[in-house]
Amino acid sequence: MIDAPSSTWFTAGPHWHWLIVLYFFVGGLAGGCYFIAALIDILGRAEDRPIARLGYYVAFPAVALSGLLLTLDLSRPLRFWHMLIERNTFAPMLKPWSPMSLGSWALLVFGLFSFISFLGALAEDERVRRPMLRRAQWSAFRAVRPPSPLGTIVAVLGGIAGMFVAGYTGVLLAVTNRPIWSDTPLLGMLFIVSAASTSAALLMLLAGRYGWEGSPGVAALQRMDGIVLALELVVLIAVMVSLGPALRGWLNVWGLVLLIGVIVPGVIVPLVLGWRHRGRRAAAFALLPVLVLVGGFLLRVVVIFSSESI
Amino acid sequence: MAEPMGFYTDTTVCIGCKACEVACKEWNQLPAANGGANTMSGDSYDNTRRLDGIHWRHVKFVEQFSETRQDGRWLLMSDVCKHCVQAGCLEVCPTGAIIRTEFDTVVIQSNTCNGCRDCIAACPFGVIDINPVSGTAQKCTLCYDRLQNGLEPACSKACPTDSIQFGTISELRARAQKRVEQLHQAGESRAYLYGADEKMLGGLNSFYLLVDRPEVYGLPPDPKLPSRHLQSGSVLTVLGALMVGLAGVFSFRSRTSEEVRP
């Protein structure tokens with residue numbers, strides 16, 4: 001302790017473990033998949049809409065799971081509503097300067113948008129059996145997806161809320177006093193870029209299951225993932241530089257996991273192979289998204305546990 | 001608001017009797033051991049080891065001995081929540097469970113806390129932890145209930161050497177400054193006050209007289225508010241979102257424009 005590299009070394013860990021790691025990963029996928037789906041809906045072509053549907057199908061269950069994971073992680077889970085309602089006055093509880101408070105509201109808002117878009121995707125999907133409502137009633141939900149004006153508003157607002165959910169977790173870690181987390185302001189940027197790369201990878205993987213590997217929409221996803229992975233590499237290096245003396249927190253087994261579990265297989269290999277296999281889409285199709293997803297998960301494992309172990 | 005109240009702890013007169021720890025546990029009805037497990041440190045007379053949800057006072061035993069053990073000294077310090085004027089825990093608490101009282105102290109309301117543990121990560125001193133009995137984050141309340149009834153906190157009341165002194169912050173600061181001067185005159189030139197002015201988190205309402213570097217006592221040399229990264233972290237995250245957005249626009253737009261080309 002006497003030779004601690006930063007004052008953050010004198011603090012106590014909040015016992016955020018696997019549930020939080022999982023939430024950071026699943027929440028990132030929820031926000032990222034919605035964002036990409038909204039992007040496809042607004043910018044892409046009609047034949048890409050099935051891929052956008054996949055994004056909405058992932059986003060809503062993932063954000064619902066996120067809420068469940070966060071609730072289970074509370075030491076008093078039945079008091080989860082205290083995040084939104086002040087317990088003594090029953091007034092809305094919002095502290096905009098507290099990332100956890102703002103994030104709780106963002107999850108609620110994003111949950112609402114992702115549910116609406118989920119219904120919109122179901123309304124358009126003729127392959128699934130839809131419960132409760134009649135065919136004509138389901139058709140009405142098509143209006144909540146672009147290109148209708150209402151759909152465009154939902155997609156834009158939902159996309160922004162999704163990106164907030166994907167990125168605020170990094171700011172939340174920075175707004176603490178823990179080693180590594182609060183020794184750099186770049187974790188929010190890292191998480192948002194990683195959420196985008198893992199989400200594009202998941203959508204590519206799911207598209208592969210439906211045999212859409214060759215579609216132009218998937219090619220665009222691959223191109224996007226390539227750019228975002230390159231960004232992720234740059235941001236990861238920037239994080240390490242900005243840590244300064246606190247980088248010592250990664251000069252151990254967690255640094256090794258970061259290198260051989262995240263940077264090499266999860267970022268560099270998919271980047272290089274993806275670039276070399278441009279035009280030969282099927283070659284590394286199944287493997288590369290899996291590597292990116294595993295890398296994205298391990299990134300969150302390293303960030304959380306490297307600090308918790310100090 | 002009443003005048004700000006707090007503790008001044010003169011570590012030079014602490015004898016490590018742990019009366020403060022016991023008084024704190026008795027008054028606040030804190031369990032003696034965590035779930036019946038009373039683990040010994042094995043290398044020190046300090047078996048409490050750290051502040052947490054059931055240890056709101058902790059007497060630190062810093063043992064400074066030469067290799068031959070012919071020369072050495074004990075540094076003893078009764079540690080507690082610093083009741084910072086700018087409190088990181090209060091800043092981040094998403095439920096509003098953490099409040100500032102009329103005595104300028106910081107208290108966690110156990111009926112409101114839901115155990116999210118953000119305050120544990122935000123505290124610059126590692127003071128807070130979950131009390132396994134209540135399932136909520138807990139720490140020293142500076143005996144809020146006793147203060148409301150005109151009583152002195154249990155720990156300072158029990159301290160036999162007046163190492164822990166309770167009073168108004170202005171009075172305690174004046175008293176502490178005199179003590180530093182007295183020690184300097186007596187040849188103990190290393191004596192200084194930690195957290196007694198506004199420079200450190202607006203002032204610590206529980207401050208210390210130390211005779212070695214803060215790190216030696218397990219105190220951070222430069223404690224800061226968690227919100228120091230709020231603005232920069234948010235701006236950089238938005239920048240990241242914009243870059244991702246541009247990557248998406250570029251990927252899907254360029255494909256569209258390629259395809260419309262004849």
# chains A, B, ... in the order shown; residues from 1 in each chain; ligands from 1

$ residues_around --residues "Arg248 in chain A" --least-positions-apart "3" --cutoff "12 Å" --atoms "only C-alpha atoms" --output "list in words"
Asp3, Ala4, Pro5, Ser6, Trp9, Pro179, Ile180, Asp183, Met240, Val241, Leu243, Gly244, Pro245, Leu251, Asn252, Val253, Trp254, Gly255, Ser306, Ser307 and Ile310 of chain A

$ residues_around --residues "range 203-208 of chain A" --least-positions-apart "2" --cutoff "10 Å" --atoms "only C-alpha atoms" --output "PyMOL selection string"
chain A and resi 29+33+36-37+50-55+58+198-201+210-215+217-222+225+282+285-290+293

$ write_last_selection --atoms "C-alpha atoms" --output "mmCIF file, in the first residue's frame"
data_model
loop_
_atom_site.group_PDB
_atom_site.id
_atom_site.type_symbol
_atom_site.label_atom_id
_atom_site.label_comp_id
_atom_site.auth_asym_id
_atom_site.auth_seq_id
_atom_site.Cartn_x
_atom_site.Cartn_y
_atom_site.Cartn_z
ATOM 1 C CA LEU A 29 -25.584 -6.185 -26.811
ATOM 2 C CA CYS A 33 -28.186 -4.449 -31.538
ATOM 3 C CA ILE A 36 -27.642 -1.214 -35.569
ATOM 4 C CA ALA A 37 -31.230 -2.319 -36.260
ATOM 5 C CA PRO A 50 -34.892 -9.074 -41.735
ATOM 6 C CA ILE A 51 -31.458 -8.276 -40.242
ATOM 7 C CA ALA A 52 -32.925 -5.239 -38.476
ATOM 8 C CA ARG A 53 -35.659 -7.511 -37.132
ATOM 9 C CA LEU A 54 -32.973 -9.738 -35.628
ATOM 10 C CA GLY A 55 -31.567 -6.670 -33.857
ATOM 11 C CA VAL A 58 -32.171 -9.437 -29.452
ATOM 12 C CA THR A 198 -20.029 -7.431 -30.290
ATOM 13 C CA SER A 199 -23.522 -6.475 -31.486
ATOM 14 C CA ALA A 200 -22.484 -6.462 -35.145
ATOM 15 C CA ALA A 201 -20.795 -9.826 -34.525
ATOM 16 C CA TYR A 210 -30.618 -18.212 -41.260
ATOM 17 C CA GLY A 211 -28.294 -18.661 -44.238
ATOM 18 C CA TRP A 212 -28.054 -14.956 -45.085
ATOM 19 C CA GLU A 213 -24.225 -14.912 -45.196
ATOM 20 C CA GLY A 214 -24.115 -13.689 -48.753
ATOM 21 C CA SER A 215 -26.627 -10.874 -48.376
ATOM 22 C CA GLY A 217 -26.763 -6.295 -45.520
ATOM 23 C CA VAL A 218 -24.451 -8.800 -43.840
ATOM 24 C CA ALA A 219 -21.560 -7.513 -45.930
ATOM 25 C CA ALA A 220 -22.303 -4.025 -44.599
ATOM 26 C CA LEU A 221 -22.367 -5.432 -41.057
ATOM 27 C CA GLN A 222 -18.955 -7.015 -41.670
ATOM 28 C CA ASP A 225 -17.522 -4.492 -37.537
ATOM 29 C CA ALA A 282 -18.274 -17.628 -45.925
ATOM 30 C CA PHE A 285 -18.015 -16.455 -41.147
ATOM 31 C CA ALA A 286 -18.869 -18.503 -38.095
ATOM 32 C CA LEU A 287 -15.526 -18.184 -36.348
ATOM 33 C CA LEU A 288 -14.883 -14.450 -36.465
ATOM 34 C CA PRO A 289 -18.113 -13.283 -34.767
ATOM 35 C CA VAL A 290 -17.616 -15.879 -32.039
ATOM 36 C CA LEU A 293 -18.169 -11.984 -28.816
#

$ select_by_dssp --residues "range 4-217 of chain B" --states "strand (DSSP E)" --output "ChimeraX atom specification"
/B:5-10,58-65,72-79,98-100,106-108,129-131,136-138,164-168,192-194,206-210

$ write_last_selection --atoms "C-alpha atoms" --output "PDB file, in the first residue's frame"
ATOM      1  CA  MET B   5     -19.679  18.528  14.393  1.00  0.00           C
ATOM      2  CA  GLY B   6     -17.020  15.878  14.040  1.00  0.00           C
ATOM      3  CA  PHE B   7     -13.998  14.030  15.368  1.00  0.00           C
ATOM      4  CA  TYR B   8     -10.379  15.045  15.788  1.00  0.00           C
ATOM      5  CA  THR B   9      -8.201  11.984  16.272  1.00  0.00           C
ATOM      6  CA  ASP B  10      -4.749  12.527  17.761  1.00  0.00           C
ATOM      7  CA  HIS B  58     -11.138   0.226  13.420  1.00  0.00           C
ATOM      8  CA  VAL B  59      -7.939   0.718  15.381  1.00  0.00           C
ATOM      9  CA  LYS B  60      -5.098   0.339  12.915  1.00  0.00           C
ATOM     10  CA  PHE B  61      -1.840  -1.143  14.181  1.00  0.00           C
ATOM     11  CA  VAL B  62       1.066   0.003  12.037  1.00  0.00           C
ATOM     12  CA  GLU B  63       4.199  -1.811  13.123  1.00  0.00           C
ATOM     13  CA  GLN B  64       7.431  -0.131  12.034  1.00  0.00           C
ATOM     14  CA  PHE B  65      10.363  -2.255  13.144  1.00  0.00           C
ATOM     15  CA  GLY B  72      10.928   0.365  16.097  1.00  0.00           C
ATOM     16  CA  ARG B  73       7.638   2.013  16.896  1.00  0.00           C
ATOM     17  CA  TRP B  74       3.925   1.364  16.843  1.00  0.00           C
ATOM     18  CA  LEU B  75       1.665   3.786  15.026  1.00  0.00           C
ATOM     19  CA  LEU B  76      -1.895   3.414  16.266  1.00  0.00           C
ATOM     20  CA  MET B  77      -4.847   5.094  14.688  1.00  0.00           C
ATOM     21  CA  SER B  78      -8.555   4.734  15.318  1.00  0.00           C
ATOM     22  CA  ASP B  79     -10.065   4.973  11.833  1.00  0.00           C
ATOM     23  CA  ILE B  98     -27.305   8.779   1.921  1.00  0.00           C
ATOM     24  CA  ILE B  99     -28.071  12.142   3.496  1.00  0.00           C
ATOM     25  CA  ARG B 100     -26.256  15.053   5.092  1.00  0.00           C
ATOM     26  CA  VAL B 106     -23.100  11.865   6.441  1.00  0.00           C
ATOM     27  CA  VAL B 107     -25.606   9.124   7.280  1.00  0.00           C
ATOM     28  CA  ILE B 108     -26.913   6.108   5.326  1.00  0.00           C
ATOM     29  CA  ASP B 129     -19.454  -2.041   3.161  1.00  0.00           C
ATOM     30  CA  ILE B 130     -22.562  -4.189   3.316  1.00  0.00           C
ATOM     31  CA  ASN B 131     -23.793  -5.225   6.742  1.00  0.00           C
ATOM     32  CA  THR B 136     -27.631  -2.620   3.303  1.00  0.00           C
ATOM     33  CA  ALA B 137     -24.508  -0.473   3.048  1.00  0.00           C
ATOM     34  CA  GLN B 138     -23.471   0.774   6.463  1.00  0.00           C
ATOM     35  CA  ILE B 164     -10.685  10.651  19.775  1.00  0.00           C
ATOM     36  CA  GLN B 165     -12.150  14.056  20.530  1.00  0.00           C
ATOM     37  CA  PHE B 166     -15.649  15.155  19.617  1.00  0.00           C
ATOM     38  CA  GLY B 167     -16.854  18.715  19.187  1.00  0.00           C
ATOM     39  CA  THR B 168     -17.567  21.488  16.744  1.00  0.00           C
ATOM     40  CA  TYR B 192       0.780  17.357  10.846  1.00  0.00           C
ATOM     41  CA  LEU B 193      -2.994  17.402  10.330  1.00  0.00           C
ATOM     42  CA  TYR B 194      -4.671  15.258   7.680  1.00  0.00           C
ATOM     43  CA  SER B 206     -13.246  13.500  11.005  1.00  0.00           C
ATOM     44  CA  PHE B 207      -9.615  14.566  10.689  1.00  0.00           C
ATOM     45  CA  TYR B 208      -6.345  13.244  12.058  1.00  0.00           C
ATOM     46  CA  LEU B 209      -3.045  14.219  13.581  1.00  0.00           C
ATOM     47  CA  LEU B 210      -0.423  11.962  11.971  1.00  0.00           C
TER      48      LEU B 210
END

$ residues_around --residues "range 300-302 of chain A" --least-positions-apart "2" --cutoff "12 Å" --atoms "only C-alpha atoms" --output "ChimeraX atom specification"
/A:16-28,169-170,173,180-181,187-188,190-192,194-195,198,249-263,293-298,304-309

$ interface_residues --of "chain B" --to "chain A" --cutoff "7 Å" --atoms "only C-alpha atoms" --output "short mmCIF file (atom, residue, chain, number, x, y, z; two decimals) with all heavy atoms, in the first residue's frame"
data_model
loop_
_atom_site.label_atom_id
_atom_site.label_comp_id
_atom_site.auth_asym_id
_atom_site.auth_seq_id
_atom_site.Cartn_x
_atom_site.Cartn_y
_atom_site.Cartn_z
N GLU B 91 -22.71 11.64 -3.21
CA GLU B 91 -22.79 12.10 -4.60
C GLU B 91 -23.39 11.03 -5.52
O GLU B 91 -24.27 11.30 -6.32
CB GLU B 91 -21.37 12.44 -5.04
CG GLU B 91 -21.26 13.30 -6.26
CD GLU B 91 -19.81 13.68 -6.51
OE1 GLU B 91 -18.96 12.78 -6.65
OE2 GLU B 91 -19.51 14.88 -6.56
N VAL B 92 -22.93 9.79 -5.39
CA VAL B 92 -23.34 8.76 -6.36
C VAL B 92 -24.61 8.00 -5.95
O VAL B 92 -25.26 7.41 -6.82
CB VAL B 92 -22.21 7.73 -6.62
CG1 VAL B 92 -20.97 8.41 -7.15
CG2 VAL B 92 -21.91 6.90 -5.38
N PRO B 94 -27.80 6.30 -5.76
CA PRO B 94 -28.91 6.50 -6.68
C PRO B 94 -30.28 6.49 -6.01
O PRO B 94 -31.27 6.85 -6.64
CB PRO B 94 -28.78 5.31 -7.64
CG PRO B 94 -28.15 4.25 -6.81
CD PRO B 94 -27.27 4.93 -5.81
N THR B 95 -30.37 6.06 -4.75
CA THR B 95 -31.67 5.94 -4.09
C THR B 95 -31.96 7.12 -3.16
O THR B 95 -33.07 7.22 -2.65
CB THR B 95 -31.75 4.65 -3.25
OG1 THR B 95 -30.75 4.74 -2.22
CG2 THR B 95 -31.52 3.41 -4.08
N GLY B 96 -30.96 7.96 -2.93
CA GLY B 96 -31.15 9.04 -1.97
C GLY B 96 -31.06 8.55 -0.54
O GLY B 96 -31.48 9.26 0.38
N THR B 112 -33.83 2.85 3.28
CA THR B 112 -33.90 3.29 1.88
C THR B 112 -32.86 2.59 1.01
O THR B 112 -33.11 2.32 -0.16
CB THR B 112 -33.69 4.83 1.80
OG1 THR B 112 -34.60 5.46 2.70
CG2 THR B 112 -33.93 5.34 0.40
N ASN B 114 -30.77 0.06 -1.02
CA ASN B 114 -31.14 -1.24 -1.60
C ASN B 114 -29.92 -2.11 -1.89
O ASN B 114 -30.03 -3.14 -2.55
CB ASN B 114 -32.01 -1.07 -2.85
CG ASN B 114 -31.29 -0.35 -3.98
OD1 ASN B 114 -30.09 -0.11 -3.90
ND2 ASN B 114 -32.01 -0.02 -5.03
N GLY B 115 -28.76 -1.68 -1.42
CA GLY B 115 -27.57 -2.52 -1.54
C GLY B 115 -26.98 -2.57 -2.94
O GLY B 115 -26.43 -3.59 -3.34
N CYS B 116 -27.04 -1.45 -3.67
CA CYS B 116 -26.44 -1.44 -5.02
C CYS B 116 -24.92 -1.37 -4.94
O CYS B 116 -24.23 -1.72 -5.87
CB CYS B 116 -26.97 -0.26 -5.84
SG CYS B 116 -26.32 1.36 -5.34
N ARG B 117 -24.42 -0.84 -3.85
CA ARG B 117 -23.00 -0.82 -3.50
C ARG B 117 -22.16 0.20 -4.28
O ARG B 117 -20.94 0.14 -4.27
CB ARG B 117 -22.39 -2.24 -3.59
CG ARG B 117 -23.22 -3.27 -2.87
CD ARG B 117 -22.55 -4.61 -2.76
NE ARG B 117 -22.37 -5.30 -4.01
CZ ARG B 117 -23.33 -5.92 -4.70
NH1 ARG B 117 -24.57 -5.95 -4.23
NH2 ARG B 117 -23.06 -6.53 -5.83
N ASP B 118 -22.84 1.14 -4.95
CA ASP B 118 -22.11 2.18 -5.66
C ASP B 118 -21.31 3.04 -4.68
O ASP B 118 -20.20 3.48 -4.97
CB ASP B 118 -23.12 3.05 -6.44
CG ASP B 118 -22.47 3.76 -7.63
OD1 ASP B 118 -21.29 3.49 -7.91
OD2 ASP B 118 -23.16 4.56 -8.30
N ILE B 120 -19.86 2.12 -1.98
CA ILE B 120 -18.64 1.43 -1.54
C ILE B 120 -17.51 1.77 -2.50
O ILE B 120 -16.39 2.09 -2.09
CB ILE B 120 -18.86 -0.10 -1.48
CG1 ILE B 120 -20.00 -0.44 -0.53
CG2 ILE B 120 -17.57 -0.81 -1.06
CD1 ILE B 120 -20.37 -1.92 -0.50
N ALA B 121 -17.83 1.74 -3.81
CA ALA B 121 -16.80 2.03 -4.82
C ALA B 121 -16.46 3.51 -4.86
O ALA B 121 -15.36 3.88 -5.28
CB ALA B 121 -17.31 1.58 -6.19
N ALA B 122 -17.39 4.36 -4.44
CA ALA B 122 -17.17 5.80 -4.55
C ALA B 122 -16.38 6.38 -3.39
O ALA B 122 -15.72 7.41 -3.54
CB ALA B 122 -18.52 6.52 -4.64
N CYS B 123 -16.44 5.72 -2.22
CA CYS B 123 -15.76 6.27 -1.04
C CYS B 123 -14.25 6.29 -1.26
O CYS B 123 -13.66 5.25 -1.55
CB CYS B 123 -16.09 5.43 0.20
SG CYS B 123 -15.14 5.93 1.64
N PRO B 124 -13.60 7.45 -1.12
CA PRO B 124 -12.15 7.52 -1.36
C PRO B 124 -11.33 6.83 -0.28
O PRO B 124 -10.13 6.66 -0.42
CB PRO B 124 -11.85 9.02 -1.36
CG PRO B 124 -13.16 9.71 -1.28
CD PRO B 124 -14.17 8.75 -0.78
N PHE B 125 -11.99 6.46 0.84
CA PHE B 125 -11.25 5.90 1.98
C PHE B 125 -11.57 4.43 2.27
O PHE B 125 -11.06 3.86 3.22
CB PHE B 125 -11.57 6.73 3.24
CG PHE B 125 -11.23 8.19 3.10
CD1 PHE B 125 -12.20 9.12 2.77
CD2 PHE B 125 -9.92 8.63 3.26
CE1 PHE B 125 -11.89 10.46 2.63
CE2 PHE B 125 -9.59 9.97 3.11
CZ PHE B 125 -10.59 10.89 2.79
N GLY B 126 -12.44 3.82 1.46
CA GLY B 126 -12.77 2.41 1.69
C GLY B 126 -13.47 2.17 3.01
O GLY B 126 -13.20 1.19 3.70
N GLY B 135 -28.34 -6.30 5.10
CA GLY B 135 -28.25 -6.35 3.64
C GLY B 135 -28.14 -4.96 3.02
O GLY B 135 -28.39 -4.78 1.83
N THR B 136 -27.78 -3.98 3.83
CA THR B 136 -27.63 -2.62 3.30
C THR B 136 -26.21 -2.12 3.57
O THR B 136 -25.51 -2.66 4.42
CB THR B 136 -28.63 -1.66 3.98
OG1 THR B 136 -28.37 -1.67 5.39
CG2 THR B 136 -30.06 -2.09 3.72
N GLU B 215 -0.04 7.31 3.54
CA GLU B 215 -0.03 5.93 3.02
C GLU B 215 0.34 4.92 4.10
O GLU B 215 -0.13 3.79 4.10
CB GLU B 215 0.97 5.77 1.87
CG GLU B 215 0.76 6.69 0.70
CD GLU B 215 1.58 7.96 0.81
OE1 GLU B 215 1.35 8.73 1.76
OE2 GLU B 215 2.43 8.19 -0.06
N VAL B 216 1.20 5.35 5.03
CA VAL B 216 1.66 4.45 6.09
C VAL B 216 0.47 4.02 6.96
O VAL B 216 0.40 2.90 7.45
CB VAL B 216 2.75 5.15 6.94
CG1 VAL B 216 3.13 4.31 8.15
CG2 VAL B 216 3.97 5.45 6.08
N GLY B 218 -2.51 3.77 5.77
CA GLY B 218 -3.54 3.25 4.88
C GLY B 218 -4.52 4.32 4.43
O GLY B 218 -5.65 4.01 4.04
N LEU B 219 -4.08 5.58 4.48
CA LEU B 219 -4.94 6.67 4.03
C LEU B 219 -4.46 7.17 2.67
O LEU B 219 -3.24 7.25 2.43
CB LEU B 219 -4.89 7.84 5.03
CG LEU B 219 -5.49 7.57 6.41
CD1 LEU B 219 -5.11 8.70 7.38
CD2 LEU B 219 -7.00 7.45 6.32
N PRO B 220 -5.37 7.51 1.76
CA PRO B 220 -4.95 7.98 0.43
C PRO B 220 -4.29 9.35 0.53
O PRO B 220 -4.81 10.23 1.23
CB PRO B 220 -6.27 8.07 -0.34
CG PRO B 220 -7.32 8.21 0.71
CD PRO B 220 -6.82 7.48 1.93
N PRO B 221 -3.15 9.54 -0.14
CA PRO B 221 -2.48 10.84 -0.08
C PRO B 221 -3.27 11.93 -0.78
O PRO B 221 -3.17 13.10 -0.42
CB PRO B 221 -1.14 10.60 -0.79
CG PRO B 221 -1.32 9.35 -1.57
CD PRO B 221 -2.37 8.54 -0.90
N ASP B 222 -4.07 11.54 -1.77
CA ASP B 222 -4.76 12.55 -2.57
C ASP B 222 -6.19 12.09 -2.88
O ASP B 222 -6.52 11.81 -4.04
CB ASP B 222 -3.95 12.77 -3.87
CG ASP B 222 -4.53 13.88 -4.70
OD1 ASP B 222 -5.21 14.74 -4.14
OD2 ASP B 222 -4.30 13.87 -5.93
N PRO B 223 -7.06 12.03 -1.85
CA PRO B 223 -8.42 11.55 -2.12
C PRO B 223 -9.20 12.55 -2.97
O PRO B 223 -9.03 13.76 -2.82
CB PRO B 223 -9.03 11.45 -0.71
CG PRO B 223 -8.26 12.42 0.11
CD PRO B 223 -6.87 12.44 -0.45
N PRO B 226 -15.55 11.16 -6.78
CA PRO B 226 -15.75 10.30 -7.95
C PRO B 226 -16.20 11.07 -9.19
O PRO B 226 -15.92 10.66 -10.31
CB PRO B 226 -16.83 9.32 -7.49
CG PRO B 226 -17.41 9.88 -6.25
CD PRO B 226 -16.39 10.77 -5.64
N SER B 227 -16.86 12.21 -8.97
CA SER B 227 -17.41 12.94 -10.12
C SER B 227 -16.34 13.62 -10.96
O SER B 227 -16.67 14.25 -11.96
CB SER B 227 -18.41 13.98 -9.64
OG SER B 227 -17.79 14.87 -8.74
N HIS B 229 -14.49 12.46 -13.08
CA HIS B 229 -14.49 11.94 -14.45
C HIS B 229 -15.87 12.02 -15.10
O HIS B 229 -16.04 11.52 -16.21
CB HIS B 229 -14.04 10.48 -14.46
CG HIS B 229 -12.57 10.30 -14.24
ND1 HIS B 229 -11.63 11.11 -14.83
CD2 HIS B 229 -11.88 9.41 -13.50
CE1 HIS B 229 -10.43 10.73 -14.45
NE2 HIS B 229 -10.54 9.70 -13.63
N LEU B 230 -16.84 12.62 -14.42
CA LEU B 230 -18.21 12.59 -14.96
C LEU B 230 -18.29 13.32 -16.30
O LEU B 230 -18.78 12.77 -17.29
CB LEU B 230 -19.18 13.22 -13.95
CG LEU B 230 -20.64 13.24 -14.38
CD1 LEU B 230 -21.17 11.83 -14.62
CD2 LEU B 230 -21.52 13.92 -13.33
N SER B 232 -15.70 14.53 -18.35
CA SER B 232 -14.80 14.04 -19.39
C SER B 232 -15.23 12.65 -19.87
O SER B 232 -15.24 12.38 -21.08
CB SER B 232 -13.35 14.00 -18.87
OG SER B 232 -13.29 13.24 -17.68
N GLY B 233 -15.63 11.78 -18.93
CA GLY B 233 -16.06 10.43 -19.31
C GLY B 233 -17.30 10.47 -20.19
O GLY B 233 -17.39 9.72 -21.18
N SER B 234 -18.23 11.37 -19.87
CA SER B 234 -19.47 11.47 -20.66
C SER B 234 -19.17 11.98 -22.06
O SER B 234 -19.67 11.43 -23.05
CB SER B 234 -20.47 12.39 -19.97
OG SER B 234 -20.72 11.96 -18.66
N LEU B 236 -16.38 11.85 -23.73
CA LEU B 236 -15.65 10.84 -24.51
C LEU B 236 -16.57 9.69 -24.94
O LEU B 236 -16.41 9.13 -26.02
CB LEU B 236 -14.47 10.30 -23.68
CG LEU B 236 -13.31 11.28 -23.52
CD1 LEU B 236 -12.36 10.85 -22.41
CD2 LEU B 236 -12.54 11.41 -24.83
N THR B 237 -17.55 9.35 -24.09
CA THR B 237 -18.49 8.29 -24.45
C THR B 237 -19.37 8.74 -25.61
O THR B 237 -19.63 7.95 -26.55
CB THR B 237 -19.35 7.90 -23.24
OG1 THR B 237 -18.48 7.61 -22.15
CG2 THR B 237 -20.21 6.69 -23.51
N GLY B 240 -17.41 8.45 -28.63
CA GLY B 240 -17.37 7.04 -29.05
C GLY B 240 -18.65 6.67 -29.79
O GLY B 240 -18.60 6.00 -30.83
N ALA B 241 -19.79 7.15 -29.26
CA ALA B 241 -21.07 6.84 -29.91
C ALA B 241 -21.12 7.46 -31.30
O ALA B 241 -21.61 6.84 -32.26
CB ALA B 241 -22.22 7.37 -29.05
N VAL B 244 -19.05 5.36 -33.64
CA VAL B 244 -19.77 4.13 -34.00
C VAL B 244 -20.88 4.46 -35.01
O VAL B 244 -21.06 3.75 -36.01
CB VAL B 244 -20.38 3.48 -32.73
CG1 VAL B 244 -21.38 2.40 -33.09
CG2 VAL B 244 -19.27 2.89 -31.86
N ALA B 247 -19.38 5.01 -38.33
CA ALA B 247 -18.97 3.72 -38.92
C ALA B 247 -20.19 3.03 -39.52
O ALA B 247 -20.12 2.46 -40.63
CB ALA B 247 -18.34 2.83 -37.84
N GLY B 248 -21.33 3.09 -38.81
CA GLY B 248 -22.55 2.47 -39.32
C GLY B 248 -23.06 3.17 -40.57
O GLY B 248 -23.38 2.53 -41.58
N SER B 251 -20.83 2.37 -43.48
CA SER B 251 -20.96 0.98 -43.96
C SER B 251 -22.24 0.79 -44.77
O SER B 251 -22.21 0.17 -45.84
CB SER B 251 -20.96 0.01 -42.79
OG SER B 251 -19.79 0.17 -42.04
N PHE B 252 -23.34 1.28 -44.26
CA PHE B 252 -24.61 1.04 -44.94
C PHE B 252 -24.84 2.02 -46.09
O PHE B 252 -25.35 1.65 -47.12
CB PHE B 252 -25.77 1.09 -43.93
CG PHE B 252 -25.79 -0.14 -43.08
CD1 PHE B 252 -25.16 -0.17 -41.85
CD2 PHE B 252 -26.39 -1.31 -43.53
CE1 PHE B 252 -25.14 -1.31 -41.07
CE2 PHE B 252 -26.38 -2.45 -42.76
CZ PHE B 252 -25.75 -2.45 -41.53
N ARG B 253 -24.39 3.25 -45.93
CA ARG B 253 -24.51 4.24 -46.99
C ARG B 253 -23.68 3.86 -48.21
O ARG B 253 -24.14 3.91 -49.33
CB ARG B 253 -24.03 5.61 -46.50
CG ARG B 253 -25.11 6.42 -45.86
CD ARG B 253 -25.88 7.18 -46.91
NE ARG B 253 -26.90 7.98 -46.25
CZ ARG B 253 -28.06 8.29 -46.78
NH1 ARG B 253 -28.36 7.86 -47.97
NH2 ARG B 253 -28.92 9.03 -46.13
N ARG B 255 -22.65 1.07 -49.18
CA ARG B 255 -23.19 -0.08 -49.91
C ARG B 255 -24.35 0.38 -50.80
O ARG B 255 -24.45 0.00 -51.95
CB ARG B 255 -23.70 -1.13 -48.93
CG ARG B 255 -24.19 -2.38 -49.60
CD ARG B 255 -24.62 -3.39 -48.56
NE ARG B 255 -25.76 -2.94 -47.80
CZ ARG B 255 -27.01 -2.98 -48.27
NH1 ARG B 255 -27.24 -3.41 -49.50
NH2 ARG B 255 -28.01 -2.57 -47.54
#

$ atom_distance --atom1 "CA of Ser110 in chain B" --atom2 "CA of Arg49 in chain B"
24.1 Å
